[in-house]
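> A single structure is presented below for examination.
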Amino acid sequence: MGAEGGCLLLCLALLAAAEPAERQRRAVDVVLDCFLAEEGGRQHGAFASSGNMVKALLVLRQVPVLDDGSLEGFTDFQGGTVAKDDPLVTFEASVNLVQIPQAEALLHADCNGKDVTCEISRYFLQARQEATVEMAAWFITNVQVSGGGPSVSMVMKTLGDTENGALRHHRWNLPLGPQGTVQTAVEFQVTTQTPSLNFLLGSSASLHCGFSLAPGLDLTSVEWRLQHKGSGQLVYSWTPEQGQAKREGATLEPEQQLMAGDASLTLPSLTLQDEGAYICQITTTLYRAQQIIQLHVQASPKVRLSLANEALPPTLTCTAAGYYPLDVTVAWTREEPGGTPVPVSGASFSSLRQSAAGTYTISSSLIAEPGSAGATYTCQVTHISLEEPLEASTWVAPPGTGSTLLFPPLHLGSWLSCPELALALFCFPQHFVHSPGFFFPEVAARATTHAETSLYPRFQGPRVPRAGEQR
């Protein structure tokens with residue numbers, strides 16, 4: 001049965017599982033549609049970089065997965081005798097020697113609406129220690145699940161009788177088993193649960209990298225490198241003799257966890273210079289493979305609405321400060337009493353300013369036209385670091401009232417404590433105490449999904465994406 005048929009049965013089984021069952025492990029075949037790269041370059045754990053790709057099938061034989069009862073009726077791969085001139089190459093891979101921790105994600109990907117990218121290419125050994133090594137062939141398979149799913153790289157060694165006239169594939173000259181498949185064993189795998197991560201400026205990041213070795217292989221080195229804007233640098237290196245951090249504060253998992261297959265990297269107090277592609281490279285006595293984790297550092301804007309001048313008509317200025325990355329949207333709306341917010345055009349923008357830390361600040365100015373009844377003006381700031389836009393609103397009084405902006409006379413009383421927002425946003429007033437004659441023209445931002453309808457500003461703390469939250 002092919003990958004599509006297996007997925008159909010699995011999806012039907014998921015729908016049919018009405019009662020929860022105790023989660024137990026069950027060995028199943030995971031079937032993946034792949035592409036096989038034509039020979040032409042040496043691959044050491046990266047996706048094939050060139051050329052001609054042909055369709056192939058990868059069958060991970062009897063992979064232990066957690067079963068809650070939804071796998072009832074799921075059948076394993078049933079291969080048949082492959083015609084001698086069949087161009088499709090089917091790889092059967094035994095996983096008895098290593099662990100495949102992301103097997104559930106691969107098995108359920110189609111049913112969860114995820115795409116799986118699978119590429120197989122020739123793998124060339126770092127060293128050939130025995131003459132018999134020459135009789136086998138090696139392949140590296142790179143599998144990635146879309147939507148922030150896991151990524152796995154597996155080194156496979158061919159099995160079978162390579163000396164005694166076994167049937168061989170007509171194009172690839174590989175020994176074939178009784179069912180016409182290329183039989184292999186996975187001897188090494190490197191995986192990451194999170195190929196792409198977003199973290200807030202100043203927070204700590206944990207970059208996952210795990211691996212599994214076949215018996216007889218020894219771990220010889222772990223290396224983390226950062227690639228960004230065309231330059232690369234070593235972040236952390238480990239050998240059995242020592243571990244060395246090149247980036248201040250960078251740490252690897254303790255030795256006990258490292259030996260158990262966890263080579264995750266922790267980076268404290270993130271700066272914008274920490275952003276980029278992190279390469280986790282695991283080297284053994286025979287194999288080497290890697291995973292790439294994209295780390296995006298973000299800073300949420302602080303938004304302030306102020307009065308640029310009190311001359312009529314007044315000019316309002318909305319400032320978005322301290323944000324990263326660059327793209328930000330600033331929009332204005334105007335709302336008359338009893339009306340609905342209407343987008344306002346004609347705003348001007350200041351030049352872009354960048355701080356020493358690398359964050360950006362920009363201001364948008366708008367001439368307010370309150371009309372005979374006055375109007376509420378709202379500035380809305382949208383940025384990738386925010387799940388909801390930030391808004392700041394103010395009431396502009398009509399001419400002849402003796403004041404340009406109508407705020408309750410303010411005194412800086414108690415303020416809401418917001419340690420969760422300390423990295424990115426202003427804290428917001430908890431309450432105001434009347435103090436005659438005090439004028440406070442600046443309004444801190446709030447997050448909202450609807451327009452301001454009150455004559456006076458309302459404040460609500462914005463939700464900031466949690467550190468480590470994926471997008």
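In the structure tokens, the first chain shown is A, the next is B, and so on; residue numbers restart at 1 for each chain, and ligands run from 1 in the order shown.
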What lies within 9 Å of segment 93-105 of chain A using only C-alpha atoms, ignoring chain neighbours under 3 positions off, as a ChimeraX atom specification?

/A:30,58-66,108-109,112,145,149-152,156-158,182-189,191-193,211-215

> Within 9 Å of segment 279-302 of chain A, which residues of segment 346-366 of chain A come that close, and what is the closest atom pair and distance in Å for each? Count only C-alpha atoms and give it as JSON lines.


```
{"residue": "A:Thr359", "atom": "CA", "partner": "A:Ala299", "partner_atom": "CA", "distance": 7.4}
{"residue": "A:Tyr360", "atom": "CA", "partner": "A:Pro301", "partner_atom": "CA", "distance": 8.6}
{"residue": "A:Thr361", "atom": "CA", "partner": "A:Pro301", "partner_atom": "CA", "distance": 8.3}
```

> Between A:Leu197, A:Thr181, A:Cys111, A:Pro370, which is the closest to Leu167 of chain A once you count only C-alpha atoms?

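Comparing A:Leu197, A:Thr181, A:Cys111, A:Pro370 against Leu167 of chain A, the winner is A:Thr181.
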
> How many Å lie between atom CA of Phe199 of chain A and atom CA of Gly148 of chain A, rounded to one decimal?

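Calculated distance between atom CA of Phe199 of chain A and atom CA of Gly148 of chain A is 14.5 Å.
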
> When distances are computed from only C-alpha atoms, which of A:Val342, A:Leu386, A:Thr90, A:Leu272 shows the smallest separation from Leu57 of chain A?

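Of A:Val342, A:Leu386, A:Thr90, A:Leu272, the one nearest Leu57 of chain A is A:Thr90, counting only C-alpha atoms.
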
> Just checking: using only C-alpha atoms, which residue out of A:Thr394, A:Thr382, A:Gln273, A:Thr194 ends up closest to Glu335 of chain A?

A:Thr394

> At a cut-off of 6 Å, using only C-alpha atoms, what residues contact Ser203 of chain A? Leave out same-chain residues fewer than 3 positions from it and give the result as a list in words.

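After dropping sequence-adjacent residues, the list is Leu200, Ser269 and Leu270 of chain A.
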
> Give me, as a tab-separated table, each residue of segment 134-227 of chain A that comes within 9 Å of segment 238-261 of chain A, together with its shortest interatomic pair and the distance in Å at one decimal, counting only C-alpha atoms, with rows ordered by chain and rising residue number.


```
residue	atom	partner	partner_atom	distance
A:Cys209	CA	A:Gly261	CA	8.5
A:Gly210	CA	A:Gly261	CA	5.4
A:Phe211	CA	A:Gly261	CA	4.9
A:Ser212	CA	A:Gly261	CA	5.8
A:Leu213	CA	A:Gly261	CA	8.2
A:Leu219	CA	A:Met259	CA	8.0
A:Thr220	CA	A:Thr239	CA	6.0
A:Ser221	CA	A:Thr239	CA	4.6
A:Val222	CA	A:Trp238	CA	5.0
A:Glu223	CA	A:Trp238	CA	6.3
A:Trp224	CA	A:Trp238	CA	8.9
```

> Write out as number ranges by chain each polymer residue whose atoms come within 9 Å of Asp76 of chain A, counting only C-alpha atoms; drop sequence neighbours fewer than 2 positions from it.

A: 1, 6, 28-31, 61-62, 74, 78

> Write out, as a compact mmCIF listing (two decimals), in the first residue's frame, the residues just selected, with C-alpha atoms.


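After the write, part16.txt holds the following:
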```
# COMPACT_ATOMS: atom_id res chain seq x y z
CA MET A 1 0.00 0.00 0.00
CA GLY A 6 -1.98 4.39 4.30
CA VAL A 28 3.90 0.71 12.48
CA ASP A 29 5.33 1.40 9.05
CA VAL A 30 5.74 5.09 8.21
CA VAL A 31 5.56 5.59 4.44
CA ARG A 61 9.81 -0.19 9.06
CA GLN A 62 8.10 -0.87 12.39
CA PHE A 74 -4.06 0.56 10.13
CA GLN A 78 2.70 -4.28 1.50
```

> Taking into account only C-alpha atoms, which residue in the set A:Val54, A:Ala347, A:Val328, A:Ile384 is nearest to Ile367 of chain A?

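Closest to Ile367 of chain A of all the choices is A:Ala347.
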
> Which residues are close to Thr317 of chain A, i.e. within 6 Å by only C-alpha atoms, leaving aside same-chain residues fewer than 3 positions away? Reply as number ranges by chain.

A: 305-306, 308, 364-365

> Quick one: distance from atom CA of Leu316 of chain A to atom CA of Leu366 of chain A in Å, one decimal?

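Interatomic distance here is 5.3 Å.
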
> Figure out the distance between atom CA of Pro195 of chain A and atom CA of Gln233 of chain A, please, to one decimal in Å.

19.2 Å
